[in-house]
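Asks: One structure follows; several queries about it will come next.
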Amino acid sequence: MTFDDIYPVAEIEKEASLTPWDANGLFTWWLRDDTLFLTAVDGTVPDGEDELPNVLGYVGAVLVPWEGDILNITVRKNMQRRGIGTLLLQELLRRLPEKGVTELHLEVRAGNAPAIALYGNFGFVRDGLRKGYYTDPCEDAVLMTRKERK
């Protein structure tokens, strides 16, 4: 993710997330040395200097030696169910060894069955539940972890 991606990602957050991050919040996370943010773009080149890239989705994670935590994976509503989230997760997982990460954690809304299934397909297992973790609407969070296979 580049600096120019922050505002398009914030727009995706507003459109697709129940509790969206704003551009300032994204920028604060993006600046940190212990985070990795990746974007999926549509492959077109902006026409002018002022035109922002057409970001389709993104993933952000905090990564420290041995473990990490996925902060968010979000895809534009009109681009969901096209494999973009899968590609973002694949690329994140591909980069973990170079960051020294062998264990990755996440929280997901209990009612988000497609995301839970996606994570399960990538070796994440349920290992906990946080009651009432999410707000607007109130919902439990399923805790999931993926450990690097030896």
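Going by the structure tokens order, chains are called A, B, ..., each with residues numbered from 1, while ligands are numbered from 1 in the order shown.
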Could you list, as a PDB file with N, CA, C and O atoms, in the first residue's frame, every residue within 7 Å of region 110-120 of chain A, counting only C-alpha atoms and ignoring same-chain residues fewer than 3 positions away?

Replies:
```
ATOM      1  N   GLY A 123      -6.215 -22.574   6.699  1.00  0.00           N
ATOM      2  CA  GLY A 123      -5.603 -23.199   7.861  1.00  0.00           C
ATOM      3  C   GLY A 123      -5.828 -22.503   9.187  1.00  0.00           C
ATOM      4  O   GLY A 123      -5.232 -22.892  10.198  1.00  0.00           O
ATOM      5  N   PHE A 124      -6.670 -21.483   9.219  1.00  0.00           N
ATOM      6  CA  PHE A 124      -7.005 -20.846  10.489  1.00  0.00           C
ATOM      7  C   PHE A 124      -7.992 -21.742  11.229  1.00  0.00           C
ATOM      8  O   PHE A 124      -8.894 -22.320  10.621  1.00  0.00           O
ATOM      9  N   VAL A 125      -7.799 -21.863  12.535  1.00  0.00           N
ATOM     10  CA  VAL A 125      -8.712 -22.646  13.362  1.00  0.00           C
ATOM     11  C   VAL A 125      -9.307 -21.742  14.436  1.00  0.00           C
ATOM     12  O   VAL A 125      -8.651 -20.823  14.929  1.00  0.00           O
ATOM     13  N   GLU A 139     -22.107  -7.796  18.317  1.00  0.00           N
ATOM     14  CA  GLU A 139     -21.920  -9.164  17.828  1.00  0.00           C
ATOM     15  C   GLU A 139     -20.654  -9.750  18.453  1.00  0.00           C
ATOM     16  O   GLU A 139     -19.700  -9.028  18.736  1.00  0.00           O
ATOM     17  N   ASP A 140     -20.659 -11.061  18.611  1.00  0.00           N
ATOM     18  CA  ASP A 140     -19.482 -11.750  19.136  1.00  0.00           C
ATOM     19  C   ASP A 140     -18.398 -11.806  18.065  1.00  0.00           C
ATOM     20  O   ASP A 140     -18.672 -11.757  16.863  1.00  0.00           O
ATOM     21  N   ALA A 141     -17.157 -11.934  18.523  1.00  0.00           N
ATOM     22  CA  ALA A 141     -16.023 -12.139  17.623  1.00  0.00           C
ATOM     23  C   ALA A 141     -15.521 -13.560  17.780  1.00  0.00           C
ATOM     24  O   ALA A 141     -15.303 -14.035  18.897  1.00  0.00           O
ATOM     25  N   VAL A 142     -15.347 -14.236  16.655  1.00  0.00           N
ATOM     26  CA  VAL A 142     -14.705 -15.543  16.635  1.00  0.00           C
ATOM     27  C   VAL A 142     -13.205 -15.286  16.524  1.00  0.00           C
ATOM     28  O   VAL A 142     -12.757 -14.542  15.641  1.00  0.00           O
TER      29      VAL A 142
END
```

Asks: Can you check which residues of chain A DSSP gives as strand (DSSP E or B) on the backbone and send them as a ChimeraX atom specification?

Replies: /A:35-41,55-64,66-75,101-109,125-134,139-147

Asks: Apply DSSP to the backbone of this structure and, from region 62-97 of chain A, keep only the residues in alpha helix (DSSP H); write these as a VMD selection string.

Replies: chain A and resid 84 to 97

Asks: Go ahead and write the residues just picked, C-alpha atoms, as a PDB file, in the first residue's frame.

Replies:
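Result file again_34.pdb:
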```
ATOM      1  CA  ILE A  84      -9.927 -10.419  -4.218  1.00  0.00           C
ATOM      2  CA  GLY A  85      -9.981 -11.165  -0.494  1.00  0.00           C
ATOM      3  CA  THR A  86      -8.468 -14.575  -1.232  1.00  0.00           C
ATOM      4  CA  LEU A  87      -5.646 -13.011  -3.252  1.00  0.00           C
ATOM      5  CA  LEU A  88      -4.922 -10.454  -0.540  1.00  0.00           C
ATOM      6  CA  LEU A  89      -4.797 -13.165   2.126  1.00  0.00           C
ATOM      7  CA  GLN A  90      -2.570 -15.365  -0.061  1.00  0.00           C
ATOM      8  CA  GLU A  91      -0.106 -12.530  -0.587  1.00  0.00           C
ATOM      9  CA  LEU A  92      -0.059 -11.657   3.105  1.00  0.00           C
ATOM     10  CA  LEU A  93       0.627 -15.300   4.007  1.00  0.00           C
ATOM     11  CA  ARG A  94       3.344 -15.513   1.339  1.00  0.00           C
ATOM     12  CA  ARG A  95       5.191 -12.610   2.975  1.00  0.00           C
ATOM     13  CA  LEU A  96       5.053 -13.920   6.559  1.00  0.00           C
ATOM     14  CA  PRO A  97       8.279 -15.990   6.482  1.00  0.00           C
TER      15      PRO A  97
END
```

Asks: Name the closest residue to Glu15 (chain A) among the candidates A:Gly132, A:Thr2, A:Glu98, A:Leu56; distances are taken between atoms, counting only C-alpha atoms.

Replies: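 Nearest to Glu15 (chain A): A:Leu56.
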
Asks: If we count only C-alpha atoms and set the cut-off at 9 Å, which residues sit around region 21-36 of chain A, ignoring sequence neighbours fewer than 6 positions away in its own chain? Please answer as a ChimeraX atom specification.

Replies: /A:1-3,6-11,13-14,59-64,92

Asks: Provide the CA of Ala40 (chain A) to CA of Phe122 (chain A) distance in Å, to one decimal place.

Replies: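 We find that CA of Ala40 (chain A) and CA of Phe122 (chain A) lie 18.8 Å from each other.
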
Asks: Do you have the CA of Asn121 (chain A)-CA of Glu103 (chain A) distance handy?

Replies: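 Computing it gives 15.9 Å between the two atoms.
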